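K.L.:
Have a look at this one.
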Protein chains: 2
Amino acid sequence: MSLVVAVDIGGTQIRAAVYEPNNPSPLNLKRVRSFALQPGVFDRLVKAIESVWPAEPVAAIGFSSPGPLDPYKGIILATPNIPEWTNFPVRAMLSERFGVPVHIDNDANLAGLAEWKYGAARGHHDVLYLTISTGVGGGVIIDDRLLQGYHGLAAELGHMTIDPSGPLCGCGHHGHVESFCSGPSIARHVNEQLAAGAESTLHADPNLSGQQVADAALQGDALARAAFAQAGEYLGIGVANYLAILDPSIIVFGGGVSQVGDLLFKPFEASLKKHILHPRYLEGLVITRAALRDDAGLLGARALAELKTDSVKITS
Amino acid sequence: MSLVVAVDIGGTQIRAAVYEPNNPSPLNLKRVRSFALQPGVFDRLVKAIESVWPAEPVAAIGFSSPGPLDPYKGIILATPNIPEWTNFPVRAMLSERFGVPVHIDNDANLAGLAEWKYGAARGHHDVLYLTISTGVGGGVIIDDRLLQGYHGLAAELGHMTIDPSGPLCGCGHHGHVESFCSGPSIARHVNEQLAAGAESTLHADPNLSGQQVADAALQGDALARAAFAQAGEYLGIGVANYLAILDPSIIVFGGGVSQVGDLLFKPFEASLKKHILHPRYLEGLVITRAALRDDAGLLGARALAELKTDSVKITS
């Protein structure tokens, strides 16, 4: 059986690793800084891959990157974190450089794939993975297959409108799940309430972070707690929608905002129960946290390379 | 190759037909009244099936019914149109009676499957079917497979919240796509506007139908036209959401309200363009009307039976 090389590139780090089948640990793993706003990102990527490249044959490279990207053509369309990469044919360039097939998808899809193959959703066939962080992203497994869609743009779960008169989303539309539930959205809500005269231990600050709001909430600040309660309420509406459409057996929450725990998830669960179309959707439904954390993108890239490689037999 | 028997039961009609592989026309077809509110629906169903049952071997029965139902257990959970059938094990009962495997799913899912296999979506691998009628229902094909979900409750597209402060839906929740776009929802909106003093050729009437509003709109009535424009606006928000999650290559619109044409679809298209997350979702996207009309449920039941029957080779 052949080895695969997995690569995960983000705004701050490039990770490259080589895996053998059925061994959870990498044979070799390298982490380097991306310096993603500076020229030469691709050269740094190639160097990181070279540093882990094994002597034995490699079947394929799996590659994870922020989107949007076209997984079928192997092109990064645009990614805010790496401005140099616009309509960037990363698959062809890596394939030419390393002489093996390259398979790419976005980090949220691949984190979902990783949780299904190696993490919290092992053994499930229908998986909804939702990461709540600076943005809200998703990865969906249906019937043991990654949902990619016709253009490779499926599972953009954060960009579902749940209130057309809701707050402005980073994408320019209004009332998306992300515009209620992401860390910056929660902080913006607190700033708006402070500007309107609400009392709090927090002070209006354009750089206020979701983490600072979480810290204040954990110390009992009423405004901060209400901000998470509102995010949980809208998250429940969004998830009720996902369930009506996708009807998974497990929901896996990843991302930093998910770490806040009950502050978000108690109001979320109450809202989900209130908004679910039929209680049957919740029967046997597992709601849990991601198991893989920082290496989810890397393990997803590994899973993608393995799934796409005929010579590797995948059993899930 | 073996024959399959297809059955479609609705509030008014039972259809039963027998099909041979690769022949679009039934060898035998029977339509009878359901008398669905009266006792004895199952007996009438059995009689209809018997009346078309062929001398040659039958591989399977495919069965279409209004939902909600459990396709894995073969049980009708509850269907407002057939009150006698609550937790009704139709699969076991038909299988015992006719001695062949029986496969069931709801009418909207199977209409989507039929459009993919025999109708407007032939050749597409990722299909969104949306029926807009008394309710709003959906059927979704992903990667040439029917989306059913863990509980068999996926693709309830009409019950996605797009405005939590929106109108009351038939299901008891607020602001679902159905509560803006179904025929009764459009008529209710007109009644509300009339009660608020709007001018129109229409008169406030609790029995006002979507069809009457459509007729008035086609004759230029401004209130009726505005009612369809609003439904189209919200339909565009809903469909933008479906695209962000599912990213299909074709959208097929079925159901009576879809017949109204530009009155609904011009505002819909403008709204979809406005609300779509990224224009790339619309590249090459086909938006069209259902091809199969009244026989969609029957042909979907046929397709389901064929797909589930190993002895019949399916090429799509």
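Identifiers in the structure tokens: chain A, B, ... in order shown; residue index from 1 per chain; ligand index from 1 in order shown.
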Based on only C-alpha atoms, which of the residues in chain B come within 8 Å of chain A? I want them as number ranges by chain.
P.N.:
B: 126, 142, 147-157, 159-164, 171, 173, 237-238, 240-241, 243-249, 275, 277, 280-281
K.L.:
I need the residues of stretch 93-169 of chain B that end up classed as helix (DSSP H, G or I) by DSSP on the backbone, written out as a ChimeraX atom specification.
P.N.:
/B:93-98,107-118,157-159
K.L.:
Do a neighbour search on A:Ala291 at 7 Å with only C-alpha atoms, toss out local chain neighbours closer than 6 positions, and write the hits as a list in words.
P.N.:
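With the cut-off at 7 Å, the set is Glu115, Gly119 and Ala120 of chain A.
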K.L.:
Next, the residues of the selection above should be written as a CSV table (one decimal), in the first residue's frame with N, CA and C atoms.
P.N.:
```csv
chain,number,residue,atom,x,y,z
A,115,GLU,N,-13.2,14.6,10.5
A,115,GLU,CA,-14.0,14.2,11.6
A,115,GLU,C,-14.7,12.9,11.4
A,119,GLY,N,-12.2,11.3,13.3
A,119,GLY,CA,-12.5,12.1,14.5
A,119,GLY,C,-13.9,11.7,15.2
A,120,ALA,N,-14.6,12.7,15.6
A,120,ALA,CA,-15.8,12.6,16.4
A,120,ALA,C,-16.9,11.9,15.7
```
K.L.:
Give me the residues within 9 Å of B:Tyr129 as a list in words, counting only C-alpha atoms and dropping any in the same chain fewer than 6 places off.
P.N.:
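Near neighbours after the sequence-gap exclusion: Ala108, Asn109, Ala111, Gly112, Leu113, Glu115, Trp116, Ala121, Gly137, Gly138, Gly139, Val140, Ile141, Ile250, Ile251, Val252, Phe253, Gly254 and Ala290 of chain B.
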K.L.:
Take the residues from that selection and put them in a file with C-alpha atoms, as a short mmCIF file (atom, residue, chain, number, x, y, z; two decimals), in the first residue's frame.
P.N.:
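Once everything was written out, this is selection-v7.cif:
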```cif
data_model
loop_
_atom_site.label_atom_id
_atom_site.label_comp_id
_atom_site.auth_asym_id
_atom_site.auth_seq_id
_atom_site.Cartn_x
_atom_site.Cartn_y
_atom_site.Cartn_z
CA ALA B 108 -41.82 15.12 -3.36
CA ASN B 109 -38.62 13.06 -3.05
CA ALA B 111 -41.04 13.42 -8.02
CA GLY B 112 -37.46 14.70 -7.83
CA LEU B 113 -36.13 11.21 -8.51
CA GLU B 115 -37.41 14.22 -12.99
CA TRP B 116 -33.78 13.04 -12.68
CA ALA B 121 -33.16 16.69 -15.12
CA GLY B 137 -41.78 20.33 -0.99
CA GLY B 138 -38.45 19.19 -2.26
CA GLY B 139 -36.50 16.31 -3.68
CA VAL B 140 -32.71 16.33 -3.95
CA ILE B 141 -30.32 14.19 -5.98
CA ILE B 250 -30.27 22.15 -12.19
CA ILE B 251 -33.35 23.43 -10.38
CA VAL B 252 -36.65 21.90 -11.48
CA PHE B 253 -39.86 23.66 -10.41
CA GLY B 254 -43.04 21.61 -10.14
CA ALA B 290 -40.95 19.92 -14.31
#
```
K.L.:
Pick out the closest residue to A:Gly256 from this set: A:Pro89, A:Pro279, A:Gly297, A:Pro184. Count only C-alpha atoms.
P.N.:
A:Pro184
K.L.:
As a short mmCIF file (atom, residue, chain, number, x, y, z; two decimals) with C-alpha atoms, in the first residue's frame, please: chain B after a least-squares superposition onto chain A using all C-alpha atoms matched in order.
P.N.:
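Result file is selection-v6.cif:
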```cif
data_model
loop_
_atom_site.label_atom_id
_atom_site.label_comp_id
_atom_site.auth_asym_id
_atom_site.auth_seq_id
_atom_site.Cartn_x
_atom_site.Cartn_y
_atom_site.Cartn_z
CA MET B 1 0.03 0.02 0.03
CA SER B 2 1.26 3.47 -0.84
CA LEU B 3 1.92 6.56 1.21
CA VAL B 4 0.05 9.85 0.85
CA VAL B 5 1.29 13.36 1.53
CA ALA B 6 -1.14 15.80 3.15
CA VAL B 7 -0.81 19.58 3.09
CA ASP B 8 -2.81 22.21 4.97
CA ILE B 9 -2.21 25.87 4.28
CA GLY B 10 -3.75 28.65 6.32
CA GLY B 11 -3.07 32.33 6.86
CA THR B 12 -0.43 31.62 9.50
CA GLN B 13 0.86 28.06 9.05
CA ILE B 14 1.73 25.55 6.37
CA ARG B 15 1.60 21.93 7.56
CA ALA B 16 2.89 19.02 5.52
CA ALA B 17 2.88 15.40 6.59
CA VAL B 18 3.31 11.93 5.17
CA TYR B 19 1.00 9.10 6.21
CA GLU B 20 0.90 5.36 5.70
CA PRO B 21 -2.46 3.57 5.53
CA ASN B 22 -4.13 2.60 8.80
CA ASN B 23 -1.61 4.44 10.95
CA PRO B 24 -3.15 7.43 12.71
CA SER B 25 0.24 9.12 13.27
CA PRO B 26 2.24 10.77 10.49
CA LEU B 27 5.57 9.23 9.54
CA ASN B 28 6.87 12.77 9.20
CA LEU B 29 5.29 16.17 9.92
CA LYS B 30 6.52 19.70 9.24
CA ARG B 31 4.98 23.01 10.33
CA VAL B 32 6.30 26.31 8.96
CA ARG B 33 5.01 29.89 8.87
CA SER B 34 2.98 30.82 5.78
CA PHE B 35 3.88 34.52 5.65
CA ALA B 36 0.77 34.44 3.51
CA LEU B 37 0.63 38.17 2.79
CA GLN B 38 4.18 38.15 1.38
CA PRO B 39 5.34 36.86 -2.02
CA GLY B 40 6.71 33.35 -2.39
CA VAL B 41 3.94 31.36 -0.67
CA PHE B 42 4.11 28.59 -3.28
CA ASP B 43 7.87 28.24 -2.88
CA ARG B 44 7.50 27.93 0.89
CA LEU B 45 4.78 25.33 0.31
CA VAL B 46 7.03 23.31 -2.01
CA LYS B 47 9.90 23.46 0.49
CA ALA B 48 7.65 22.21 3.31
CA ILE B 49 6.48 19.30 1.15
CA GLU B 50 10.05 18.47 0.11
CA SER B 51 11.09 18.41 3.75
CA VAL B 52 8.71 15.53 4.50
CA TRP B 53 8.84 13.73 1.12
CA PRO B 54 9.59 10.06 1.75
CA ALA B 55 11.92 7.67 -0.09
CA GLU B 56 9.02 5.24 -0.68
CA PRO B 57 6.46 5.85 -3.48
CA VAL B 58 3.75 8.46 -2.83
CA ALA B 59 0.31 7.69 -4.27
CA ALA B 60 -1.12 11.23 -4.09
CA ILE B 61 -1.04 14.62 -2.41
CA GLY B 62 -4.11 15.87 -0.54
CA PHE B 63 -4.31 19.64 -0.19
CA SER B 64 -6.43 21.80 2.13
CA SER B 65 -6.75 25.57 1.75
CA PRO B 66 -9.21 28.32 2.64
CA GLY B 67 -11.77 28.79 -0.14
CA PRO B 68 -13.41 29.57 -2.41
CA LEU B 69 -11.75 27.09 -4.69
CA ASP B 70 -12.66 24.74 -7.53
CA PRO B 71 -11.88 21.17 -6.40
CA TYR B 72 -12.58 19.75 -9.87
CA LYS B 73 -10.22 22.08 -11.75
CA GLY B 74 -7.80 22.27 -8.82
CA ILE B 75 -7.80 26.07 -8.74
CA ILE B 76 -7.81 28.45 -5.78
CA LEU B 77 -10.32 31.09 -6.93
CA ALA B 78 -9.52 33.65 -4.26
CA THR B 79 -8.68 33.42 -0.61
CA PRO B 80 -8.54 36.54 1.54
CA ASN B 81 -5.71 35.07 3.62
CA ILE B 82 -3.37 34.50 0.67
CA PRO B 83 -3.81 37.46 -1.71
CA GLU B 84 -1.09 36.13 -4.07
CA TRP B 85 -3.33 33.16 -4.92
CA THR B 86 -6.13 34.37 -7.17
CA ASN B 87 -7.24 31.91 -9.86
CA PHE B 88 -4.17 29.98 -8.79
CA PRO B 89 -3.80 26.50 -10.38
CA VAL B 90 -2.28 24.88 -7.32
CA ARG B 91 -3.15 21.34 -8.34
CA ALA B 92 -1.40 21.49 -11.71
CA MET B 93 1.61 23.22 -10.20
CA LEU B 94 2.03 20.72 -7.36
CA SER B 95 1.33 17.77 -9.63
CA GLU B 96 3.96 18.92 -12.10
CA ARG B 97 6.48 19.57 -9.35
CA PHE B 98 6.01 16.25 -7.50
CA GLY B 99 4.85 13.93 -10.29
CA VAL B 100 1.80 12.53 -8.41
CA PRO B 101 -1.97 13.23 -8.51
CA VAL B 102 -3.05 16.13 -6.31
CA HIS B 103 -6.55 16.44 -4.80
CA ILE B 104 -7.76 19.70 -3.26
CA ASP B 105 -10.71 21.01 -1.28
CA ASN B 106 -11.44 23.78 1.18
CA ASP B 107 -10.48 23.60 4.82
CA ALA B 108 -14.02 23.36 6.23
CA ASN B 109 -15.07 20.55 3.87
CA LEU B 110 -11.88 18.68 4.69
CA ALA B 111 -12.21 19.22 8.44
CA GLY B 112 -15.65 17.62 8.11
CA LEU B 113 -14.18 14.76 6.12
CA ALA B 114 -11.47 14.33 8.77
CA GLU B 115 -13.98 14.22 11.63
CA TRP B 116 -15.91 11.53 9.71
CA LYS B 117 -12.84 9.43 8.91
CA TYR B 118 -10.66 9.96 11.98
CA GLY B 119 -12.54 12.06 14.52
CA ALA B 120 -15.78 12.59 16.39
CA ALA B 121 -18.04 11.30 13.59
CA ARG B 122 -16.38 7.94 12.95
CA GLY B 123 -19.00 5.32 12.11
CA HIS B 124 -21.61 7.88 11.05
CA HIS B 125 -22.77 7.99 7.43
CA ASP B 126 -24.50 11.39 7.42
CA VAL B 127 -22.46 14.12 9.09
CA LEU B 128 -22.90 17.85 9.54
CA TYR B 129 -19.67 19.59 10.55
CA LEU B 130 -19.93 23.25 11.51
CA THR B 131 -16.95 25.41 12.42
CA ILE B 132 -17.73 28.64 14.28
CA SER B 133 -14.77 30.95 14.43
CA THR B 134 -13.88 34.18 12.58
CA GLY B 135 -16.39 32.89 10.06
CA VAL B 136 -18.87 30.04 10.02
CA GLY B 137 -18.03 27.18 7.66
CA GLY B 138 -19.35 23.73 7.01
CA GLY B 139 -18.50 20.29 5.76
CA VAL B 140 -21.16 17.70 4.96
CA ILE B 141 -20.94 13.94 4.50
CA ILE B 142 -23.96 12.23 2.91
CA ASP B 143 -24.09 8.49 2.68
CA ASP B 144 -20.34 8.29 3.36
CA ARG B 145 -19.48 10.76 0.61
CA LEU B 146 -18.24 14.34 0.83
CA LEU B 147 -20.87 16.81 -0.43
CA GLN B 148 -19.05 18.95 -3.00
CA GLY B 149 -21.71 20.12 -5.45
CA TYR B 150 -21.69 20.85 -9.15
CA HIS B 151 -19.24 23.77 -8.91
CA GLY B 152 -17.52 22.41 -5.80
CA LEU B 153 -19.17 25.18 -3.77
CA ALA B 154 -21.59 23.15 -1.61
CA ALA B 155 -21.77 23.24 2.20
CA GLU B 156 -21.29 27.00 2.57
CA LEU B 157 -23.41 26.64 5.68
CA GLY B 158 -22.47 29.97 7.25
CA HIS B 159 -23.98 31.88 4.34
CA MET B 160 -27.59 30.84 4.71
CA THR B 161 -29.99 33.78 5.15
CA ILE B 162 -32.09 33.32 8.28
CA ASP B 163 -33.27 36.94 8.59
CA PRO B 164 -33.15 39.27 5.58
CA SER B 165 -33.19 42.29 7.90
CA GLY B 166 -30.34 40.88 10.01
CA PRO B 167 -26.80 42.21 10.41
CA LEU B 168 -24.36 42.66 7.53
CA CYS B 169 -22.26 39.57 6.87
CA GLY B 170 -18.59 39.66 5.87
CA CYS B 171 -19.70 38.50 2.40
CA GLY B 172 -21.83 41.61 1.88
CA HIS B 173 -25.26 40.04 2.40
CA HIS B 174 -27.56 40.40 5.39
CA GLY B 175 -28.72 38.04 8.09
CA HIS B 176 -26.57 35.00 7.33
CA VAL B 177 -25.86 32.51 10.11
CA GLU B 178 -22.28 33.83 10.13
CA SER B 179 -23.49 37.39 10.71
CA PHE B 180 -25.13 36.27 13.97
CA CYS B 181 -22.80 33.54 15.25
CA SER B 182 -19.16 34.19 14.30
CA GLY B 183 -16.77 35.63 16.90
CA PRO B 184 -16.58 39.05 15.21
CA SER B 185 -20.40 39.10 14.87
CA ILE B 186 -20.82 38.49 18.60
CA ALA B 187 -18.29 41.23 19.36
CA ARG B 188 -20.02 43.63 16.95
CA HIS B 189 -23.34 42.99 18.66
CA VAL B 190 -21.76 43.88 22.03
CA ASN B 191 -20.29 47.07 20.57
CA GLU B 192 -23.70 48.04 19.18
CA GLN B 193 -25.35 47.47 22.54
CA LEU B 194 -22.64 49.47 24.33
CA ALA B 195 -23.12 52.33 21.86
CA ALA B 196 -26.84 52.18 22.65
CA GLY B 197 -26.06 52.62 26.35
CA ALA B 198 -26.03 49.05 27.67
CA GLU B 199 -24.12 48.47 30.90
CA SER B 200 -21.22 46.06 30.91
CA THR B 201 -17.72 45.44 32.22
CA LEU B 202 -16.71 45.63 28.54
CA HIS B 203 -16.00 48.91 26.77
CA ALA B 204 -16.81 49.81 23.16
CA ASP B 205 -13.78 48.88 21.06
CA PRO B 206 -13.63 48.18 17.33
CA ASN B 207 -11.00 45.51 18.04
CA LEU B 208 -13.12 43.72 20.63
CA SER B 209 -12.87 39.95 20.05
CA GLY B 210 -15.27 37.09 20.56
CA GLN B 211 -12.79 35.70 23.07
CA GLN B 212 -12.95 38.89 25.16
CA VAL B 213 -16.74 38.72 25.13
CA ALA B 214 -16.51 35.05 26.18
CA ASP B 215 -14.16 35.93 29.05
CA ALA B 216 -16.55 38.63 30.28
CA ALA B 217 -19.51 36.28 29.94
CA LEU B 218 -17.75 33.59 31.97
CA GLN B 219 -17.26 36.19 34.71
CA GLY B 220 -20.97 36.92 34.71
CA ASP B 221 -21.23 40.03 32.55
CA ALA B 222 -24.92 40.22 31.57
CA LEU B 223 -24.41 41.92 28.21
CA ALA B 224 -21.75 39.41 27.18
CA ARG B 225 -23.97 36.51 28.25
CA ALA B 226 -26.90 37.96 26.31
CA ALA B 227 -24.68 38.27 23.22
CA PHE B 228 -23.90 34.54 23.32
CA ALA B 229 -27.53 33.75 24.07
CA GLN B 230 -28.59 35.63 20.94
CA ALA B 231 -25.93 33.85 18.87
CA GLY B 232 -27.19 30.52 20.25
CA GLU B 233 -30.79 31.41 19.43
CA TYR B 234 -29.93 32.12 15.78
CA LEU B 235 -27.62 29.11 15.62
CA GLY B 236 -30.62 26.98 16.61
CA ILE B 237 -32.65 28.44 13.73
CA GLY B 238 -29.80 27.76 11.32
CA VAL B 239 -29.24 24.20 12.52
CA ALA B 240 -33.00 23.43 12.39
CA ASN B 241 -32.78 24.47 8.72
CA TYR B 242 -29.75 22.26 8.07
CA LEU B 243 -31.54 19.31 9.66
CA ALA B 244 -34.69 19.82 7.55
CA ILE B 245 -32.54 19.77 4.41
CA LEU B 246 -29.81 17.23 5.25
CA ASP B 247 -31.13 15.13 8.19
CA PRO B 248 -27.71 13.99 9.51
CA SER B 249 -27.10 11.56 12.37
CA ILE B 250 -24.42 13.74 13.98
CA ILE B 251 -23.52 17.42 14.26
CA VAL B 252 -19.87 18.17 15.02
CA PHE B 253 -19.00 21.70 16.17
CA GLY B 254 -15.48 22.97 15.57
CA GLY B 255 -13.83 26.40 15.76
CA GLY B 256 -12.85 28.71 18.60
CA VAL B 257 -16.32 30.08 19.36
CA SER B 258 -17.55 26.51 19.99
CA GLN B 259 -15.06 26.29 22.88
CA VAL B 260 -17.18 28.67 24.95
CA GLY B 261 -19.49 25.77 25.82
CA ASP B 262 -22.79 26.20 27.63
CA LEU B 263 -22.89 29.97 27.16
CA LEU B 264 -23.58 29.27 23.50
CA PHE B 265 -24.90 25.73 23.50
CA LYS B 266 -27.61 25.93 26.16
CA PRO B 267 -29.47 28.68 24.29
CA PHE B 268 -28.68 26.85 21.04
CA GLU B 269 -30.27 23.62 22.24
CA ALA B 270 -33.39 25.40 23.48
CA SER B 271 -33.70 27.20 20.16
CA LEU B 272 -33.12 24.04 18.13
CA LYS B 273 -35.88 22.23 20.02
CA LYS B 274 -38.19 25.19 19.46
CA HIS B 275 -37.50 25.54 15.74
CA ILE B 276 -37.09 21.93 14.62
CA LEU B 277 -39.72 20.91 12.07
CA HIS B 278 -40.45 17.58 13.75
CA PRO B 279 -38.98 16.07 16.97
CA ARG B 280 -38.06 12.95 15.00
CA TYR B 281 -35.05 14.78 13.50
CA LEU B 282 -33.53 14.86 17.01
CA GLU B 283 -34.08 11.16 17.77
CA GLY B 284 -30.66 9.57 18.13
CA LEU B 285 -29.02 12.74 16.81
CA VAL B 286 -25.52 13.17 18.29
CA ILE B 287 -24.40 16.76 18.95
CA THR B 288 -20.74 16.94 19.87
CA ARG B 289 -17.48 18.88 19.63
CA ALA B 290 -14.75 18.29 17.07
CA ALA B 291 -12.10 15.79 18.14
CA LEU B 292 -9.25 16.82 15.85
CA ARG B 293 -8.76 20.54 16.47
CA ASP B 294 -5.73 22.08 14.72
CA ASP B 295 -4.88 19.04 12.61
CA ALA B 296 -8.38 18.64 11.13
CA GLY B 297 -7.42 20.26 7.82
CA LEU B 298 -4.30 18.11 7.53
CA LEU B 299 -6.14 14.89 8.32
CA GLY B 300 -8.91 15.90 5.91
CA ALA B 301 -6.33 16.40 3.16
CA ARG B 302 -4.99 12.95 4.04
CA ALA B 303 -8.47 11.41 3.92
CA LEU B 304 -9.18 13.07 0.56
CA ALA B 305 -5.95 11.74 -0.94
CA GLU B 306 -6.68 8.25 0.40
CA LEU B 307 -10.30 8.28 -0.83
CA LYS B 308 -9.26 9.40 -4.30
CA THR B 309 -6.46 6.83 -4.53
CA ASP B 310 -7.73 3.56 -5.88
CA SER B 311 -4.74 1.63 -4.61
CA VAL B 312 -5.63 2.39 -1.00
CA LYS B 313 -8.61 0.46 0.24
CA ILE B 314 -10.77 2.66 2.46
CA THR B 315 -12.98 1.17 5.11
CA SER B 316 -14.97 3.52 7.24
#
```
K.L.:
DSSP says strand (DSSP E) for which residues of stretch 3-113 of chain B? Put them as a ChimeraX atom specification?
P.N.:
/B:3-9,13-19,28-33,58-65,69-70,75-78,86-88,102-106
